[in-house]
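To start, the structure under review is shown below, and the notes come after it.
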Amino acid sequence: MGFTMMTDNQFLLYLVGAISITLGYCARRVTTNYFALRSLKVPGPLIAKLTSKWFFVHDTAGNNANCVHELHKKYGGNIVQVAPRELSFSSTAAIRDIYGLSAGCLKPKIYSAVGREAMFQMVDPEKHRERQRRMIHIFGFNVLLQLEPMIQEQISRMIDLVERSVRVVDNTIADIEEYGEARMKESIEKFGRHAQRPNLMTKMLAGDPEKGTEPLSDEDISSEVSNLIFAATDTTALEMACVVRTRPPPGVARSTRREIQAFGVKEAKFPYLKLQNLPILNAITKETLRVHLGVPPGLSRTTPKQGHMIDGIFVPGGTTVHVQPLTIHRNPKVFPDPEALKPQRWIETNGGTPEMREHMFVWGFGNRVCRGQNMAMMEIKTMAARIVGRYTLRLTSEKTRDDMVLDYFIGFAKGHSCPDI
Ligand code: HEM
């Protein structure tokens with residue numbers, strides 16, 4: 001085989017050819033992109049209509065939700081285009097239309113990229129229904145009450161660390177998948193498959209004897225365990241940090257302390273069943289969840305191939321759609337002075353007007369709603385009550401949400417710690 005040397009002219013010709021083909025391809029791509037949803041006449045930045053790459057910079061900088069929220073503020077209305085085939089909504093009608101039980105909008109394939117397939121990632125509705133049927137028993141309120149002593153014990157350990165002035169740093173588990181599998185094997189080796197210990201692992205290993213549901217395979221259980229670590233850890237940790245960091249007006253702060261002290265909440269003995277309905281603690285928790293979302297970005301769904309009506313507009317099939325939680329939580333007509341943390345808005349309205357409650361979009365909606373919300377609330381409120389009942393908190397610096405939180409798919413405390421309390 002012989003090689004022929006390329007002359008300078010030939011090289012130039014090839015180079016020009018390659019550049020022209022690339023430019024031609026890009027021009028064709030951005031033109032197709034631009035016209036993909038043009039007939040809908042949805043407002044949005046030109047760059048978002050040409051390419052989805054522009055958003056990558058914001059997403060990797062942990063600015064996903066803020067960026068879309070700013071677009072909603074800029075363009076007004078209830079809908080904005082954020083990518084050539086992606087629309088963001090901000091109305092409660094859109095929540096029902098996108099996530100409601102009969103909506104037919106499915107999770108996009110991107111969810112499968114988040115670790116091994118577990119209930120959370122499943123795209124196929126049949127597969128998800130079957131997995132939910134075999135998992136749902138572990139999230140029951142009766143199971144939660146059995147877990148209460150274990151949760152109290154963990155909170156005692158945390159308080160112990162605080163009292164020994166150990167700076168608690170929350171670290172992302174390097175390889176959650178392997179971690180889940182290792183924990184499952186360890187549990188079976190130590191306690192067997194039929195252990196009576198009340199935790200989510202033993203409940204999964206046992207299946208649901210009451211309904212006669214068979215347990216999942218070991219492989220599926222380890223995927224679910226890994227996923228639960230991902231779904232339950234940083235989300236709840238962030239909310240816990242934000243609840244104790246909430247600076248309510250002095251009157252509300254004093255009443256919270258009085259409410260908690262009157263109830264005798266100091267140690268691990270008081271029952272959550274009573275704690276869960278304390279009105280001032282409820283108000284502080286709700287307001288924290290409203291302002292500091294644990295899962296701030298829009299939860300993406302794909303419209304069915306025949307297209308779908310969302311908040312009064314017909315969206316073609318295969319379009320990615322979501323409702324932006326930050327925007328809905330900061331609707332000034334429902335929450336006046338929306339950026340401010342004002343727990344009293346929940347107290348003055350006896351737990352919130354129907355409109356306020358309808359505008360809370362913390363846990364998702366429909367059949368993919370968060371299954372761990374009761375557990376998260378038990379952890380957040382119990383921890384907050386024990387801390388507030390025991391200590392007088394003083395913040396060493398004033399910080400906004402943007403100073404503290406990185407918005408990826410879930411919110412993370414910046415620097416993985418909350419050092420200012
Ligand atoms: C403050 C803490 C938490 C927040 C803000 C939160 C938020 C969410 C949200 C918004 C979703 C819906 C995702 C979507 O539609 O794409 C979700 C799903 C889920 N969450 Fe949570 N979560 C929290 C804590 C927990 C805990 C403690 C557990 C378990 C013990 C848990 C288990 C799950 C599961 C299994 C799903 C998937 C449900 C399905 O697809 O059928 N979460 N969570």
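A note on labels: chains of the structure tokens are A, B, ... as shown, every chain counts residues from 1, and ligands are counted from 1 in their shown order.
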- Set the cut-off to 7 Å, count only C-alpha atoms and all ligand atoms, and list whatever residues fall near ligand 1 as a VMD selection string. chain A and resid 119 to 121 128 132 228 231 to 233 235 to 236 239 293 to 295 299 to 300 362 to 365 367 to 373 375 to 376
Can those selected residues be exported to a file as a JSON list (two decimals), in the first residue's frame so that it contains C-alpha atoms?
[["chain", "number", "residue", "atom", "x", "y", "z"],
["A", 119, "MET", "CA", -38.88, 2.50, 40.85],
["A", 120, "PHE", "CA", -37.80, 6.16, 40.54],
["A", 121, "GLN", "CA", -36.14, 5.72, 37.12],
["A", 128, "HIS", "CA", -43.49, 1.00, 37.19],
["A", 132, "GLN", "CA", -44.86, 0.07, 42.92],
["A", 228, "LEU", "CA", -33.50, 5.28, 48.16],
["A", 231, "ALA", "CA", -33.67, 9.98, 46.86],
["A", 232, "ALA", "CA", -33.73, 10.27, 50.64],
["A", 233, "THR", "CA", -30.36, 11.52, 51.84],
["A", 235, "THR", "CA", -32.91, 16.05, 49.88],
["A", 236, "THR", "CA", -33.85, 15.56, 53.53],
["A", 239, "GLU", "CA", -34.28, 20.65, 54.27],
["A", 293, "LEU", "CA", -36.95, 23.23, 47.59],
["A", 294, "GLY", "CA", -35.22, 19.86, 47.97],
["A", 295, "VAL", "CA", -35.80, 19.08, 44.26],
["A", 299, "LEU", "CA", -39.57, 17.29, 36.70],
["A", 300, "SER", "CA", -39.37, 16.47, 32.99],
["A", 362, "VAL", "CA", -42.47, 19.95, 46.82],
["A", 363, "TRP", "CA", -43.08, 16.25, 46.29],
["A", 364, "GLY", "CA", -44.14, 16.02, 42.65],
["A", 365, "PHE", "CA", -47.69, 14.96, 41.74],
["A", 367, "ASN", "CA", -48.49, 8.40, 40.46],
["A", 368, "ARG", "CA", -44.78, 9.36, 40.48],
["A", 369, "VAL", "CA", -45.19, 11.47, 43.60],
["A", 370, "CYS", "CA", -42.53, 11.13, 46.33],
["A", 371, "ARG", "CA", -43.24, 7.99, 48.36],
["A", 372, "GLY", "CA", -40.90, 9.04, 51.16],
["A", 373, "GLN", "CA", -42.58, 12.36, 52.00],
["A", 375, "MET", "CA", -40.57, 9.86, 56.37],
["A", 376, "ALA", "CA", -38.89, 13.09, 55.29]]
- Message: For the strand (DSSP E) assignment from backbone DSSP, which residues of region 73-110 of chain A qualify? Please present them as a PyMOL selection string.
- Response: chain A and resi 79-83+86-89
Put those residues in a file: N, CA and C atoms, as a PDB file, in the first residue's frame.
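New file again08.pdb:
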ATOM      1  N   ILE A  79     -45.943  30.198  30.594  1.00  0.00           N
ATOM      2  CA  ILE A  79     -45.206  29.227  29.777  1.00  0.00           C
ATOM      3  C   ILE A  79     -44.014  29.906  29.113  1.00  0.00           C
ATOM      4  N   VAL A  80     -42.904  29.184  29.068  1.00  0.00           N
ATOM      5  CA  VAL A  80     -41.706  29.739  28.429  1.00  0.00           C
ATOM      6  C   VAL A  80     -40.966  28.582  27.739  1.00  0.00           C
ATOM      7  N   GLN A  81     -40.329  28.913  26.585  1.00  0.00           N
ATOM      8  CA  GLN A  81     -39.582  27.865  25.877  1.00  0.00           C
ATOM      9  C   GLN A  81     -38.143  27.852  26.391  1.00  0.00           C
ATOM     10  N   VAL A  82     -37.659  26.691  26.829  1.00  0.00           N
ATOM     11  CA  VAL A  82     -36.306  26.641  27.404  1.00  0.00           C
ATOM     12  C   VAL A  82     -35.327  25.856  26.529  1.00  0.00           C
ATOM     13  N   ALA A  83     -35.837  25.160  25.535  1.00  0.00           N
ATOM     14  CA  ALA A  83     -34.985  24.451  24.577  1.00  0.00           C
ATOM     15  C   ALA A  83     -35.833  24.226  23.325  1.00  0.00           C
ATOM     16  N   GLU A  86     -38.523  21.881  24.298  1.00  0.00           N
ATOM     17  CA  GLU A  86     -38.832  21.808  25.740  1.00  0.00           C
ATOM     18  C   GLU A  86     -39.547  23.075  26.223  1.00  0.00           C
ATOM     19  N   LEU A  87     -40.659  22.855  26.925  1.00  0.00           N
ATOM     20  CA  LEU A  87     -41.448  23.973  27.451  1.00  0.00           C
ATOM     21  C   LEU A  87     -41.532  23.884  28.961  1.00  0.00           C
ATOM     22  N   SER A  88     -41.455  25.052  29.606  1.00  0.00           N
ATOM     23  CA  SER A  88     -41.599  25.095  31.059  1.00  0.00           C
ATOM     24  C   SER A  88     -42.893  25.830  31.394  1.00  0.00           C
ATOM     25  N   PHE A  89     -43.698  25.239  32.267  1.00  0.00           N
ATOM     26  CA  PHE A  89     -44.981  25.844  32.677  1.00  0.00           C
ATOM     27  C   PHE A  89     -44.889  26.292  34.130  1.00  0.00           C
TER      28      PHE A  89
END
Restrict the calculation to only C-alpha atoms, then for each residue of region 70-155 of chain A with any atom at most 8 Å from an atom of region 189-199 of chain A give the closest atom pair and their distance in Å to one decimal, rows by chain and rising residue number, as a tab-separated table.
residue	atom	partner	partner_atom	distance
A:Val143	CA	A:Pro198	CA	7.7
A:Gln146	CA	A:Pro198	CA	6.1
A:Leu147	CA	A:Pro198	CA	5.9
Can I get the selection written as a tab-separated table (two decimals), in the first residue's frame, with N, CA and C atoms?
chain	number	residue	atom	x	y	z
A	143	VAL	N	-45.49	1.54	59.02
A	143	VAL	CA	-44.06	1.18	58.97
A	143	VAL	C	-43.23	2.35	59.51
A	146	GLN	N	-43.04	2.39	63.12
A	146	GLN	CA	-42.10	1.37	63.63
A	146	GLN	C	-40.65	1.87	63.51
A	147	LEU	N	-40.40	2.71	62.52
A	147	LEU	CA	-39.03	3.21	62.30
A	147	LEU	C	-38.67	4.36	63.24
- Message: With distances taken over only C-alpha atoms, which residue among A:Glu355, A:Asp311, A:Asp407, A:Glu339 lies nearest Thr288 (chain A)?
- Response: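 Looking only at the distances to Thr288 (chain A), the closest residue turns out to be A:Glu339.
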- Message: Here is a test: counting only C-alpha atoms, which residue of A:Ile328, A:Leu216, A:Ile159, A:Leu106 is nearest to Arg290 (chain A)?
- Response: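 The shortest atom-to-atom distance to Arg290 (chain A) comes from A:Ile328.
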- Query: Taking only C-alpha atoms into account, which of A:His292, A:Arg96, A:Arg38, A:Arg301 comes nearest Leu341 (chain A)?
  - Reply: A:His292
- Message: Report as a ChimeraX atom specification all protein, DNA and RNA residues lying within 7 Å of region 282-285 of chain A, evaluated on only C-alpha atoms, omitting residues in the same chain fewer than 2 positions from it.
- Response: /A:243,277-280,287-289,343-344,346-347,351
I'd like the neighbourhood of Ile310 (chain A) as an mmCIF file with C-alpha atoms, in the first residue's frame, where a residue qualifies if any of its atoms comes within 9 Å (using only C-alpha atoms), though same-chain residues fewer than 3 positions away should be ignored.
data_model
loop_
_atom_site.group_PDB
_atom_site.id
_atom_site.type_symbol
_atom_site.label_atom_id
_atom_site.label_comp_id
_atom_site.auth_asym_id
_atom_site.auth_seq_id
_atom_site.Cartn_x
_atom_site.Cartn_y
_atom_site.Cartn_z
ATOM 1 C CA PHE A 89 -44.981 25.844 32.677
ATOM 2 C CA ALA A 93 -53.488 23.610 35.751
ATOM 3 C CA ALA A 94 -50.244 22.479 34.097
ATOM 4 C CA ILE A 95 -49.362 20.369 37.165
ATOM 5 C CA ARG A 96 -52.604 18.419 36.689
ATOM 6 C CA ASP A 97 -52.236 18.241 32.895
ATOM 7 C CA ILE A 98 -48.628 17.020 32.945
ATOM 8 C CA ILE A 313 -52.431 24.925 24.622
ATOM 9 C CA PHE A 314 -51.954 21.922 22.356
ATOM 10 C CA VAL A 315 -48.376 20.641 22.698
#
- Go through A:Ala253, A:Leu281, A:Ile138, A:Cys105 and flag the residue nearest Gly366 (chain A), using only C-alpha atoms for the distances.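 Residue with the minimum atom-to-atom distance to Gly366 (chain A): A:Cys105.
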- For Cys242 (chain A), which of A:Arg116, A:His72, A:Met383, A:Lys41 is the closest residue, counting only C-alpha atoms? A:Met383
